[in-house]
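entry13.json (JSON, C-alpha atoms and all ligand atoms)
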[["chain", "number", "residue", "atom", "x", "y", "z"],
["O", 1, "MET", "CA", -2.29, 17.70, -25.70],
["O", 2, "SER", "CA", -5.27, 18.62, -23.57],
["O", 3, "LEU", "CA", -7.59, 18.00, -20.66],
["O", 4, "VAL", "CA", -9.26, 14.65, -21.29],
["O", 5, "THR", "CA", -11.94, 12.59, -19.59],
["O", 6, "SER", "CA", -11.07, 9.31, -17.87],
["O", 7, "LYS", "CA", -13.21, 7.23, -20.25],
["O", 8, "GLU", "CA", -10.43, 5.96, -22.48],
["O", 9, "MET", "CA", -8.01, 5.67, -19.54],
["O", 10, "PHE", "CA", -10.42, 3.42, -17.64],
["O", 11, "LYS", "CA", -11.21, 1.27, -20.68],
["O", 12, "LYS", "CA", -7.51, 0.56, -21.18],
["O", 13, "ALA", "CA", -6.92, 0.09, -17.44],
["O", 14, "TYR", "CA", -9.78, -2.40, -17.15],
["O", 15, "GLU", "CA", -8.60, -4.42, -20.14],
["O", 16, "GLY", "CA", -4.94, -4.18, -19.13],
["O", 17, "HIS", "CA", -5.49, -5.10, -15.46],
["O", 18, "TYR", "CA", -3.90, -2.01, -13.98],
["O", 19, "ALA", "CA", -5.16, 1.17, -12.28],
["O", 20, "VAL", "CA", -4.70, 4.85, -12.98],
["O", 21, "GLY", "CA", -3.45, 6.96, -10.07],
["O", 22, "ALA", "CA", -5.60, 9.90, -9.01],
["O", 23, "PHE", "CA", -3.54, 12.31, -6.97],
["O", 24, "ASN", "CA", -4.84, 15.30, -4.98],
["O", 25, "VAL", "CA", -3.34, 18.68, -5.81],
["O", 26, "ASN", "CA", -3.20, 21.85, -3.73],
["O", 27, "ASN", "CA", -0.32, 23.95, -5.07],
["O", 28, "MET", "CA", 2.22, 24.33, -7.87],
["O", 29, "GLU", "CA", 4.96, 22.11, -6.42],
["O", 30, "ILE", "CA", 2.56, 19.21, -5.86],
["O", 31, "ILE", "CA", 1.25, 19.47, -9.44],
["O", 32, "GLN", "CA", 4.76, 19.67, -10.86],
["O", 33, "GLY", "CA", 6.04, 16.71, -8.84],
["O", 34, "ILE", "CA", 3.16, 14.47, -9.94],
["O", 35, "VAL", "CA", 3.30, 15.54, -13.59],
["O", 36, "ASP", "CA", 7.09, 15.03, -13.69],
["O", 37, "ALA", "CA", 6.52, 11.46, -12.47],
["O", 38, "ALA", "CA", 3.77, 10.77, -15.04],
["O", 39, "LYS", "CA", 6.02, 12.07, -17.80],
["O", 40, "GLN", "CA", 8.99, 10.02, -16.68],
["O", 41, "GLU", "CA", 6.85, 6.88, -16.32],
["O", 42, "ASN", "CA", 4.80, 7.50, -19.48],
["O", 43, "ALA", "CA", 1.73, 6.92, -17.33],
["O", 44, "PRO", "CA", -1.90, 8.11, -17.65],
["O", 45, "LEU", "CA", -2.79, 10.72, -15.06],
["O", 46, "ILE", "CA", -5.75, 12.03, -13.09],
["O", 47, "LEU", "CA", -5.24, 15.15, -10.98],
["O", 48, "GLN", "CA", -8.00, 15.76, -8.47],
["O", 49, "VAL", "CA", -9.11, 18.83, -6.61],
["O", 50, "SER", "CA", -11.13, 18.74, -3.38],
["O", 51, "ALA", "CA", -13.45, 21.46, -2.06],
["O", 52, "GLY", "CA", -10.72, 22.17, 0.51],
["O", 53, "ALA", "CA", -8.12, 22.57, -2.25],
["O", 54, "ARG", "CA", -10.42, 24.98, -4.13],
["O", 55, "LYS", "CA", -10.83, 27.01, -0.97],
["O", 56, "TYR", "CA", -7.09, 27.01, -0.22],
["O", 57, "ALA", "CA", -5.72, 27.82, -3.65],
["O", 58, "ASN", "CA", -8.62, 29.64, -5.34],
["O", 59, "PRO", "CA", -10.09, 27.39, -8.07],
["O", 60, "ILE", "CA", -8.76, 29.37, -11.02],
["O", 61, "TYR", "CA", -5.14, 29.00, -9.87],
["O", 62, "LEU", "CA", -5.36, 25.22, -9.77],
["O", 63, "ARG", "CA", -7.04, 25.00, -13.16],
["O", 64, "LYS", "CA", -4.50, 27.34, -14.76],
["O", 65, "LEU", "CA", -1.62, 25.44, -13.16],
["O", 66, "VAL", "CA", -2.95, 22.17, -14.59],
["O", 67, "GLU", "CA", -3.32, 23.81, -18.01],
["O", 68, "ALA", "CA", 0.28, 25.03, -17.71],
["O", 69, "ALA", "CA", 1.38, 21.51, -16.76],
["O", 70, "ILE", "CA", -0.28, 20.09, -19.88],
["O", 71, "GLU", "CA", 1.35, 22.70, -22.12],
["O", 72, "ASP", "CA", 4.75, 22.26, -20.52],
["O", 73, "SER", "CA", 4.80, 18.46, -20.26],
["O", 74, "GLY", "CA", 2.91, 17.58, -23.44],
["O", 75, "ILE", "CA", 0.80, 14.96, -21.65],
["O", 76, "ASP", "CA", -2.98, 14.59, -21.46],
["O", 77, "ILE", "CA", -4.45, 15.02, -17.99],
["O", 78, "CYS", "CA", -7.89, 14.28, -16.58],
["O", 79, "LEU", "CA", -8.93, 17.07, -14.17],
["O", 80, "HIS", "CA", -11.34, 15.69, -11.58],
["O", 81, "LEU", "CA", -13.40, 17.13, -8.73],
["O", 82, "ASP", "CA", -12.86, 14.98, -5.63],
["O", 83, "HIS", "CA", -15.81, 14.48, -3.23],
["O", 84, "GLY", "CA", -18.24, 17.03, -4.68],
["O", 85, "GLU", "CA", -20.85, 17.29, -1.97],
["O", 86, "ASP", "CA", -23.74, 18.80, -3.90],
["O", 87, "PHE", "CA", -25.05, 19.50, -7.40],
["O", 88, "GLU", "CA", -23.83, 23.11, -7.34],
["O", 89, "ILE", "CA", -20.12, 22.39, -6.85],
["O", 90, "CYS", "CA", -20.26, 19.71, -9.55],
["O", 91, "LYS", "CA", -21.96, 22.12, -11.96],
["O", 92, "GLN", "CA", -19.41, 24.82, -11.12],
["O", 93, "CYS", "CA", -16.52, 22.49, -11.93],
["O", 94, "VAL", "CA", -18.16, 21.26, -15.14],
["O", 95, "ASP", "CA", -18.66, 24.89, -16.18],
["O", 96, "ASP", "CA", -15.04, 25.69, -15.20],
["O", 97, "GLY", "CA", -13.64, 23.08, -17.59],
["O", 98, "PHE", "CA", -13.11, 20.02, -15.38],
["O", 99, "THR", "CA", -13.34, 16.81, -17.41],
["O", 100, "SER", "CA", -14.57, 14.63, -14.55],
["O", 101, "VAL", "CA", -16.52, 15.23, -11.34],
["O", 102, "MET", "CA", -17.33, 13.14, -8.30],
["O", 103, "ILE", "CA", -20.70, 13.52, -6.65],
["O", 104, "ASP", "CA", -20.35, 12.03, -3.20],
["O", 105, "GLY", "CA", -23.86, 11.19, -2.04],
["O", 106, "SER", "CA", -22.64, 8.32, 0.12],
["O", 107, "LYS", "CA", -23.92, 9.96, 3.31],
["O", 108, "TYR", "CA", -27.50, 9.96, 1.98],
["O", 109, "PRO", "CA", -29.99, 7.09, 1.93],
["O", 110, "PHE", "CA", -29.84, 4.94, -1.23],
["O", 111, "GLU", "CA", -32.73, 6.62, -3.10],
["O", 112, "GLU", "CA", -31.48, 10.13, -2.33],
["O", 113, "ASN", "CA", -27.97, 9.23, -3.44],
["O", 114, "ILE", "CA", -29.45, 7.90, -6.70],
["O", 115, "ALA", "CA", -31.55, 11.02, -7.31],
["O", 116, "LEU", "CA", -28.62, 13.39, -6.62],
["O", 117, "THR", "CA", -26.17, 11.36, -8.71],
["O", 118, "LYS", "CA", -28.65, 11.16, -11.61],
["O", 119, "ARG", "CA", -29.04, 14.92, -11.61],
["O", 120, "VAL", "CA", -25.27, 15.44, -11.78],
["O", 121, "VAL", "CA", -24.90, 12.76, -14.47],
["O", 122, "GLU", "CA", -27.53, 14.42, -16.67],
["O", 123, "TYR", "CA", -25.85, 17.82, -16.43],
["O", 124, "ALA", "CA", -22.26, 16.58, -16.74],
["O", 125, "HIS", "CA", -23.00, 14.25, -19.67],
["O", 126, "SER", "CA", -24.74, 17.07, -21.54],
["O", 127, "LYS", "CA", -21.35, 18.89, -21.41],
["O", 128, "GLY", "CA", -19.18, 15.85, -22.22],
["O", 129, "VAL", "CA", -17.95, 15.41, -18.63],
["O", 130, "VAL", "CA", -17.80, 12.06, -16.83],
["O", 131, "VAL", "CA", -19.07, 11.35, -13.32],
["O", 132, "GLU", "CA", -17.88, 9.24, -10.39],
["O", 133, "ALA", "CA", -20.26, 8.46, -7.52],
["O", 134, "GLU", "CA", -19.85, 6.66, -4.19],
["O", 135, "LEU", "CA", -21.89, 3.95, -2.55],
["O", 136, "GLY", "CA", -21.04, 2.68, 0.93],
["O", 137, "LYS", "CA", -19.22, 4.74, 3.53],
["O", 138, "LEU", "CA", -15.48, 4.94, 4.15],
["O", 139, "ALA", "CA", -14.31, 5.72, 7.66],
["O", 140, "GLY", "CA", -11.96, 8.66, 8.13],
["O", 141, "VAL", "CA", -11.69, 12.41, 7.94],
["O", 142, "GLU", "CA", -11.40, 14.95, 5.14],
["O", 143, "ASP", "CA", -12.17, 18.65, 5.27],
["O", 144, "ALA", "CA", -15.74, 18.15, 4.13],
["O", 145, "VAL", "CA", -16.51, 14.56, 5.15],
["O", 146, "LYS", "CA", -16.20, 12.99, 8.59],
["O", 147, "VAL", "CA", -17.25, 9.38, 9.14],
["O", 148, "ASN", "CA", -16.63, 7.45, 12.38],
["O", 149, "ALA", "CA", -15.36, 3.88, 12.03],
["O", 150, "LYS", "CA", -18.63, 2.57, 13.48],
["O", 151, "ASP", "CA", -20.65, 4.42, 10.83],
["O", 152, "ALA", "CA", -18.59, 3.10, 7.94],
["O", 153, "THR", "CA", -20.50, 0.57, 5.84],
["O", 154, "TYR", "CA", -19.17, -1.59, 3.09],
["O", 155, "THR", "CA", -20.78, -1.40, -0.35],
["O", 156, "ASP", "CA", -23.61, -3.84, -0.95],
["O", 157, "PRO", "CA", -22.92, -5.58, -4.32],
["O", 158, "ASP", "CA", -26.58, -5.81, -5.43],
["O", 159, "GLN", "CA", -27.14, -2.17, -4.58],
["O", 160, "ALA", "CA", -23.99, -1.26, -6.53],
["O", 161, "LYS", "CA", -25.41, -2.91, -9.66],
["O", 162, "GLU", "CA", -28.79, -1.22, -9.25],
["O", 163, "PHE", "CA", -27.11, 2.13, -8.51],
["O", 164, "VAL", "CA", -25.00, 2.05, -11.66],
["O", 165, "GLU", "CA", -27.91, 0.96, -13.85],
["O", 166, "ARG", "CA", -30.29, 3.60, -12.53],
["O", 167, "THR", "CA", -27.87, 6.56, -12.47],
["O", 168, "GLY", "CA", -25.85, 5.99, -15.65],
["O", 169, "VAL", "CA", -22.73, 6.97, -13.69],
["O", 170, "ASP", "CA", -19.33, 6.37, -15.35],
["O", 171, "SER", "CA", -17.43, 4.95, -12.35],
["O", 172, "LEU", "CA", -18.22, 4.00, -8.78],
["O", 173, "ALA", "CA", -16.23, 4.38, -5.56],
["O", 174, "ILE", "CA", -16.80, 1.42, -3.28],
["O", 175, "ALA", "CA", -16.13, 0.81, 0.40],
["O", 176, "ILE", "CA", -14.24, -2.42, 1.09],
["O", 177, "GLY", "CA", -12.17, -1.43, 4.11],
["O", 178, "THR", "CA", -10.03, 1.55, 3.10],
["O", 179, "SER", "CA", -10.43, 4.92, 4.80],
["O", 180, "HIS", "CA", -9.09, 8.44, 4.37],
["O", 181, "GLY", "CA", -6.07, 9.79, 6.21],
["O", 182, "ALA", "CA", -3.01, 8.33, 7.91],
["O", 183, "TYR", "CA", -4.76, 6.15, 10.52],
["O", 184, "LYS", "CA", -6.55, 3.47, 8.56],
["O", 185, "PHE", "CA", -6.14, 0.31, 10.62],
["O", 186, "LYS", "CA", -5.83, -0.32, 14.34],
["O", 187, "GLY", "CA", -4.91, -3.99, 13.97],
["O", 188, "ASP", "CA", -3.89, -5.98, 10.91],
["O", 189, "PRO", "CA", -4.86, -4.25, 7.66],
["O", 190, "SER", "CA", -7.48, -6.07, 5.62],
["O", 191, "LEU", "CA", -9.61, -5.37, 2.58],
["O", 192, "ASP", "CA", -12.75, -7.29, 1.59],
["O", 193, "PHE", "CA", -11.50, -8.75, -1.72],
["O", 194, "GLU", "CA", -14.39, -11.19, -1.83],
["O", 195, "ARG", "CA", -16.82, -8.27, -1.88],
["O", 196, "LEU", "CA", -14.76, -6.59, -4.58],
["O", 197, "GLN", "CA", -14.89, -9.77, -6.66],
["O", 198, "THR", "CA", -18.67, -10.02, -6.27],
["O", 199, "ILE", "CA", -19.17, -6.39, -7.30],
["O", 200, "GLU", "CA", -16.87, -6.94, -10.26],
["O", 201, "LYS", "CA", -18.89, -9.97, -11.41],
["O", 202, "LEU", "CA", -22.16, -8.05, -11.18],
["O", 203, "LEU", "CA", -20.68, -5.05, -13.01],
["O", 204, "PRO", "CA", -18.45, -6.43, -15.77],
["O", 205, "ASN", "CA", -16.40, -3.92, -17.76],
["O", 206, "PHE", "CA", -17.28, -1.20, -15.29],
["O", 207, "PRO", "CA", -14.54, 0.89, -13.63],
["O", 208, "LEU", "CA", -14.46, 0.80, -9.83],
["O", 209, "VAL", "CA", -12.66, 3.37, -7.70],
["O", 210, "LEU", "CA", -10.77, 2.94, -4.44],
["O", 211, "HIS", "CA", -10.54, 5.98, -2.17],
["O", 212, "GLY", "CA", -8.35, 6.08, 0.91],
["O", 213, "SER", "CA", -5.52, 4.25, -0.83],
["O", 214, "SER", "CA", -2.42, 5.76, 0.72],
["O", 215, "SER", "CA", -0.04, 3.18, 2.07],
["O", 216, "VAL", "CA", 1.59, 5.53, 4.60],
["O", 217, "PRO", "CA", 5.15, 4.28, 3.93],
["O", 218, "LYS", "CA", 7.19, 3.68, 7.07],
["O", 219, "GLU", "CA", 10.12, 5.67, 5.65],
["O", 220, "PHE", "CA", 8.04, 8.90, 5.58],
["O", 221, "VAL", "CA", 6.53, 8.28, 9.02],
["O", 222, "ASP", "CA", 10.00, 7.60, 10.43],
["O", 223, "LEU", "CA", 11.38, 10.77, 8.83],
["O", 224, "CYS", "CA", 8.49, 12.85, 10.16],
["O", 225, "ASN", "CA", 9.02, 11.35, 13.60],
["O", 226, "LYS", "CA", 12.77, 11.83, 13.47],
["O", 227, "TYR", "CA", 12.59, 15.48, 12.50],
["O", 228, "GLY", "CA", 9.96, 16.54, 15.03],
["O", 229, "GLY", "CA", 6.19, 16.12, 15.29],
["O", 230, "ALA", "CA", 5.60, 12.41, 15.81],
["O", 231, "ILE", "CA", 2.62, 10.77, 14.07],
["O", 232, "PRO", "CA", 2.10, 7.67, 16.24],
["O", 233, "GLY", "CA", -0.21, 4.90, 15.13],
["O", 234, "ALA", "CA", -0.15, 5.82, 11.44],
["O", 235, "ALA", "CA", -1.08, 2.83, 9.23],
["O", 236, "GLY", "CA", -1.96, 2.62, 5.54],
["O", 237, "VAL", "CA", -3.09, 0.07, 2.97],
["O", 238, "PRO", "CA", -0.22, -2.33, 2.20],
["O", 239, "GLU", "CA", 1.00, -1.85, -1.35],
["O", 240, "GLU", "CA", 0.50, -5.55, -2.12],
["O", 241, "MET", "CA", -3.24, -5.08, -1.51],
["O", 242, "LEU", "CA", -3.38, -2.05, -3.78],
["O", 243, "LYS", "CA", -1.54, -4.02, -6.43],
["O", 244, "ARG", "CA", -4.09, -6.82, -6.19],
["O", 245, "ALA", "CA", -7.04, -4.40, -6.41],
["O", 246, "SER", "CA", -5.42, -2.71, -9.44],
["O", 247, "GLN", "CA", -5.30, -6.06, -11.24],
["O", 248, "MET", "CA", -9.01, -6.56, -10.53],
["O", 249, "GLY", "CA", -11.85, -4.17, -11.49],
["O", 250, "VAL", "CA", -10.38, -1.16, -9.70],
["O", 251, "CYS", "CA", -9.34, 1.33, -12.39],
["O", 252, "LYS", "CA", -8.76, 4.44, -10.26],
["O", 253, "ILE", "CA", -6.79, 4.60, -7.03],
["O", 254, "ASN", "CA", -6.94, 7.79, -4.94],
["O", 255, "ILE", "CA", -3.83, 8.98, -3.14],
["O", 256, "ASP", "CA", -3.47, 12.14, -1.10],
["O", 257, "THR", "CA", -2.06, 11.37, 2.35],
["O", 258, "ASP", "CA", 1.13, 9.85, 0.91],
["O", 259, "LEU", "CA", 1.76, 13.09, -1.01],
["O", 260, "ARG", "CA", 1.39, 15.05, 2.21],
["O", 261, "LEU", "CA", 3.70, 12.71, 4.08],
["O", 262, "ALA", "CA", 6.38, 12.64, 1.36],
["O", 263, "MET", "CA", 6.49, 16.42, 1.09],
["O", 264, "THR", "CA", 6.29, 17.14, 4.81],
["O", 265, "ALA", "CA", 8.93, 14.56, 5.75],
["O", 266, "CYS", "CA", 11.31, 16.07, 3.21],
["O", 267, "ILE", "CA", 10.66, 19.67, 4.24],
["O", 268, "ARG", "CA", 11.12, 18.81, 7.92],
["O", 269, "GLN", "CA", 14.43, 17.14, 7.14],
["O", 270, "VAL", "CA", 15.72, 20.11, 5.13],
["O", 271, "LEU", "CA", 14.74, 22.63, 7.80],
["O", 272, "VAL", "CA", 16.07, 20.64, 10.74],
["O", 273, "GLU", "CA", 19.36, 19.97, 8.97],
["O", 274, "ASN", "CA", 19.63, 23.61, 7.79],
["O", 275, "PRO", "CA", 18.03, 25.68, 10.52],
["O", 276, "ALA", "CA", 19.33, 28.93, 9.01],
["O", 277, "GLU", "CA", 17.49, 28.30, 5.71],
["O", 278, "PHE", "CA", 14.63, 30.68, 4.90],
["O", 279, "ASP", "CA", 14.35, 30.52, 1.10],
["O", 280, "PRO", "CA", 11.10, 28.61, 0.35],
["O", 281, "ARG", "CA", 12.61, 27.29, -2.88],
["O", 282, "LYS", "CA", 15.24, 25.45, -0.83],
["O", 283, "TYR", "CA", 12.63, 23.29, 0.89],
["O", 284, "LEU", "CA", 9.70, 23.30, -1.56],
["O", 285, "GLY", "CA", 12.07, 22.22, -4.35],
["O", 286, "PRO", "CA", 13.23, 19.06, -2.53],
["O", 287, "GLY", "CA", 9.59, 18.52, -1.44],
["O", 288, "ARG", "CA", 8.61, 18.49, -5.11],
["O", 289, "VAL", "CA", 11.30, 15.88, -5.88],
["O", 290, "ALA", "CA", 10.10, 13.73, -2.96],
["O", 291, "ILE", "CA", 6.58, 13.79, -4.45],
["O", 292, "LYS", "CA", 7.89, 12.89, -7.89],
["O", 293, "ASP", "CA", 9.84, 9.89, -6.56],
["O", 294, "MET", "CA", 6.92, 8.61, -4.50],
["O", 295, "VAL", "CA", 4.41, 8.96, -7.36],
["O", 296, "ALA", "CA", 6.76, 7.30, -9.86],
["O", 297, "HIS", "CA", 7.13, 4.37, -7.45],
["O", 298, "LYS", "CA", 3.34, 4.04, -7.13],
["O", 299, "MET", "CA", 2.86, 4.09, -10.89],
["O", 300, "ARG", "CA", 5.64, 1.61, -11.58],
["O", 301, "ASP", "CA", 5.53, -0.81, -8.66],
["O", 302, "VAL", "CA", 1.97, -0.64, -7.34],
["O", 303, "LEU", "CA", -0.65, 0.51, -9.86],
["O", 304, "GLY", "CA", 1.07, -1.00, -12.88],
["O", 305, "CYS", "CA", 0.30, 2.02, -15.11],
["O", 306, "SER", "CA", 3.85, 2.93, -16.12],
["O", 307, "GLY", "CA", 4.25, 2.79, -19.89],
["O", 308, "LYS", "CA", 0.47, 2.77, -20.45],
["O", 309, "ARG", "CA", -0.04, 6.29, -21.78],
["O", 401, "LIG", "O1", -10.39, 12.41, 0.30],
["O", 401, "LIG", "C1", -9.99, 13.51, 0.59],
["O", 401, "LIG", "C2", -8.70, 14.08, 0.18],
["O", 401, "LIG", "O2", -7.67, 13.57, 0.96],
["O", 401, "LIG", "C3", -8.79, 15.57, 0.20],
["O", 401, "LIG", "O3", -8.61, 16.06, 1.48],
["O", 401, "LIG", "O4", -10.52, 17.63, 1.80],
["O", 401, "LIG", "O5", -8.40, 17.86, 3.15],
["O", 401, "LIG", "O6", -8.42, 18.44, 0.71],
["O", 401, "LIG", "P1", -9.02, 17.60, 1.79],
["O", 402, "LIG", "P1", -5.79, 8.88, 1.30],
["O", 402, "LIG", "O1", -6.13, 9.72, 2.50],
["O", 402, "LIG", "O2", -5.62, 7.46, 1.68],
["O", 402, "LIG", "O3", -4.63, 9.40, 0.55],
["O", 402, "LIG", "O4", -7.07, 8.93, 0.32],
["O", 402, "LIG", "C1", -7.26, 10.02, -0.56],
["O", 402, "LIG", "C2", -8.59, 10.00, -1.20],
["O", 402, "LIG", "O5", -9.33, 9.06, -1.18],
["O", 402, "LIG", "C3", -8.98, 11.22, -1.93],
["O", 402, "LIG", "O6", -10.29, 11.17, -2.39],
["O", 403, "ZN", "ZN", -11.65, 10.12, -1.12]]

Step by step, read the file and then write its structure as structure tokens.
Ligand code: G3H
Ligand code: 13P
Ligand code: ZN
Amino acid sequence: MSLVTSKEMFKKAYEGHYAVGAFNVNNMEIIQGIVDAAKQENAPLILQVSAGARKYANPIYLRKLVEAAIEDSGIDICLHLDHGEDFEICKQCVDDGFTSVMIDGSKYPFEENIALTKRVVEYAHSKGVVVEAELGKLAGVEDAVKVNAKDATYTDPDQAKEFVERTGVDSLAIAIGTSHGAYKFKGDPSLDFERLQTIEKLLPNFPLVLHGSSSVPKEFVDLCNKYGGAIPGAAGVPEEMLKRASQMGVCKINIDTDLRLAMTACIRQVLVENPAEFDPRKYLGPGRVAIKDMVAHKMRDVLGCSGKR
């Protein structure tokens, strides 16, 4: 078993009308929880690392932990750079052994995004690594990317076709109404499925990617609220919508916020109910189980990738 690219995973996902989950990792317990779920569900798996995660954990620790997870679990894993902001970080990850990188040139004008993406594609492909790019802007906040709701722009379908043809990129993240973080919708949630359908028609057999796909389950929000530190106004993408996108041309669905919520809700509960506890294993362990249960549910009931490995 080894690190693999997402090429074969996406081909099967496209043909089988399901999506592969791409989960953000920052430490050992998060990696173990996700990998335990993938093993239990016999599901394909993408683990992704952001610039913030690299800074927090030190890149070599995350890579070695993922290698350990492969050896221990016996499953193939695609190791992906999430939101690479320039050529250098993409090159670094390619050279470090990642099997997939994202170059996020979505903040640049169309031609600049194309030129940057092309450069990354040429380098990555020469080393057998696949590339995801982004066209259109999601609203929301990550460590490295901040986009106000008013600056968010949905992906133009004709531009998407031209972008893919001119860059030779392997997958494309599109903006159809999702956003990063726990506060995605002020009113009723909605995604532009018509736009997704148009892009899909113009780019047949091509894997699309949906970022900002946490559903912010009420049970985690309620637990967080109950055990201190309210998060008012949190709202995610309804799972029914993610299910629908997974059955269309979306082959990769990015989830990070739900991991954070699942783990934090659980840790808060343990510490509030056992205020004398100070052994990290006593709260990180249950946090790891909470992540496993949440990821298994996504794979089985939302993305449809259980049993597809
Ligand atoms: O899309 C971004 C991911 O949620 C990563 O977030 O940059 O805070 O690690 P981060
Ligand atoms: P969420 O914030 O919705 O989990 O999105 C994560 C993401 O898109 C990572 O790239
Ligand atoms: Zn993202």

Please identify every polymer residue within 7 Å of ligand ZN 403 (chain O), using all atoms listed in the file, and present the set as a list in words.
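Checking all atoms listed in the file against ligand ZN 403 (chain O) at 7 Å gives Asp82, His83, His180, His211, Gly212 and Asn254 of chain O.
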
re CA of Arg54 (chain O) and CA of Asn26 (chain O): distance 7.9 Å

| Computed interatomic separation between CA of Lys55 (chain O) and atom O3 of ligand LIG 401 (chain O) (Å) |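 That distance, rounded to one decimal, is 11.4 Å.
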
Length of the CA of Asn42 (chain O) to CA of Gly307 (chain O) vector [Å]: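 One can read the CA of Asn42 (chain O) to CA of Gly307 (chain O) distance as 4.8 Å.
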
Item to check | Shortest interatomic distance to ligand LIG 401 (chain O) - which of O:Met299, O:Ala182, O:Leu202, O:Val237, counting only C-alpha atoms and all ligand atoms | outcome: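 So, comparing all the options, the nearest one is O:Ala182.
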
Let me make sure I understand: among O:Glu162, O:Asp104, O:Glu194, O:Glu219, which one has the smallest atom-to-atom distance to ligand LIG 402 (chain O) if we use all atoms listed in the file?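 Going through O:Glu162, O:Asp104, O:Glu194, O:Glu219 one by one, the smallest distance to ligand LIG 402 (chain O) is for O:Asp104.
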
Can you tell me, as a PyMOL selection string, which residues sit within 12 Å of (-29.2, 10.0, -11.7) in the file's frame, using all atoms listed in the file?
chain O and resi 87+103+105+110-125+131-133+162-170

Practice item. Check the smallest atom-to-atom distance from each of O:Ala13, O:Pro44, O:Arg195, O:Thr5 to Val94 (chain O) using only C-alpha atoms, then report the winner. Key: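 Ranked by minimum distance to Val94 (chain O), first place goes to O:Thr5.
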
**Request:** Name all residues at most 10 Å from Tyr283 (chain O) (count all atoms listed in the file; drop same-chain ones fewer than 2 positions away) and give them as a list in words.
**Result:**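 The residues that qualify are Met263, Thr264, Cys266, Ile267, Arg268, Gln269, Val270, Leu271, Asn274, Glu277, Phe278, Asp279, Pro280, Arg281, Gly285, Pro286, Gly287 and Arg288 of chain O.
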
Selection to disk with C-alpha atoms, as a JSON list (two decimals), in the coordinates of the input:
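Generated file (result17.json):
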[["chain", "number", "residue", "atom", "x", "y", "z"],
["O", 263, "MET", "CA", 6.49, 16.42, 1.09],
["O", 264, "THR", "CA", 6.29, 17.14, 4.81],
["O", 266, "CYS", "CA", 11.31, 16.07, 3.21],
["O", 267, "ILE", "CA", 10.66, 19.67, 4.24],
["O", 268, "ARG", "CA", 11.12, 18.81, 7.92],
["O", 269, "GLN", "CA", 14.43, 17.14, 7.14],
["O", 270, "VAL", "CA", 15.72, 20.11, 5.13],
["O", 271, "LEU", "CA", 14.74, 22.63, 7.80],
["O", 274, "ASN", "CA", 19.63, 23.61, 7.79],
["O", 277, "GLU", "CA", 17.49, 28.30, 5.71],
["O", 278, "PHE", "CA", 14.63, 30.68, 4.90],
["O", 279, "ASP", "CA", 14.35, 30.52, 1.10],
["O", 280, "PRO", "CA", 11.10, 28.61, 0.35],
["O", 281, "ARG", "CA", 12.61, 27.29, -2.88],
["O", 285, "GLY", "CA", 12.07, 22.22, -4.35],
["O", 286, "PRO", "CA", 13.23, 19.06, -2.53],
["O", 287, "GLY", "CA", 9.59, 18.52, -1.44],
["O", 288, "ARG", "CA", 8.61, 18.49, -5.11]]

Let me have all residues with an atom within 9 Å of ligand LIG 402 (chain O), counting only C-alpha atoms and all ligand atoms, laid out as an mmCIF file with C-alpha atoms, keeping the file's coordinate frame.
data_model
loop_
_atom_site.group_PDB
_atom_site.id
_atom_site.type_symbol
_atom_site.label_atom_id
_atom_site.label_comp_id
_atom_site.auth_asym_id
_atom_site.auth_seq_id
_atom_site.Cartn_x
_atom_site.Cartn_y
_atom_site.Cartn_z
ATOM 1 C CA ALA O 22 -5.600 9.900 -9.010
ATOM 2 C CA PHE O 23 -3.540 12.310 -6.970
ATOM 3 C CA ASN O 24 -4.840 15.300 -4.980
ATOM 4 C CA GLN O 48 -8.000 15.760 -8.470
ATOM 5 C CA VAL O 49 -9.110 18.830 -6.610
ATOM 6 C CA SER O 50 -11.130 18.740 -3.380
ATOM 7 C CA ASP O 82 -12.860 14.980 -5.630
ATOM 8 C CA HIS O 83 -15.810 14.480 -3.230
ATOM 9 C CA GLY O 140 -11.960 8.660 8.130
ATOM 10 C CA VAL O 141 -11.690 12.410 7.940
ATOM 11 C CA GLU O 142 -11.400 14.950 5.140
ATOM 12 C CA THR O 178 -10.030 1.550 3.100
ATOM 13 C CA SER O 179 -10.430 4.920 4.800
ATOM 14 C CA HIS O 180 -9.090 8.440 4.370
ATOM 15 C CA GLY O 181 -6.070 9.790 6.210
ATOM 16 C CA ALA O 182 -3.010 8.330 7.910
ATOM 17 C CA TYR O 183 -4.760 6.150 10.520
ATOM 18 C CA LYS O 184 -6.550 3.470 8.560
ATOM 19 C CA LEU O 210 -10.770 2.940 -4.440
ATOM 20 C CA HIS O 211 -10.540 5.980 -2.170
ATOM 21 C CA GLY O 212 -8.350 6.080 0.910
ATOM 22 C CA SER O 213 -5.520 4.250 -0.830
ATOM 23 C CA SER O 214 -2.420 5.760 0.720
ATOM 24 C CA SER O 215 -0.040 3.180 2.070
ATOM 25 C CA VAL O 216 1.590 5.530 4.600
ATOM 26 C CA GLY O 236 -1.960 2.620 5.540
ATOM 27 C CA VAL O 237 -3.090 0.070 2.970
ATOM 28 C CA ILE O 253 -6.790 4.600 -7.030
ATOM 29 C CA ASN O 254 -6.940 7.790 -4.940
ATOM 30 C CA ILE O 255 -3.830 8.980 -3.140
ATOM 31 C CA ASP O 256 -3.470 12.140 -1.100
ATOM 32 C CA THR O 257 -2.060 11.370 2.350
ATOM 33 C CA ASP O 258 1.130 9.850 0.910
ATOM 34 C CA LEU O 259 1.760 13.090 -1.010
ATOM 35 C CA ARG O 260 1.390 15.050 2.210
#

One residue among O:Leu191, O:Ala19, O:Ala234, O:Val101 is nearest to Gly249 (chain O) when using all atoms listed in the file, and that residue is O:Ala19

Min atom-atom distance to ligand LIG 401 (chain O) from the set O:Glu239, O:Asp72, O:Glu67, O:Glu134, counting all atoms listed in the file, belongs to O:Glu134
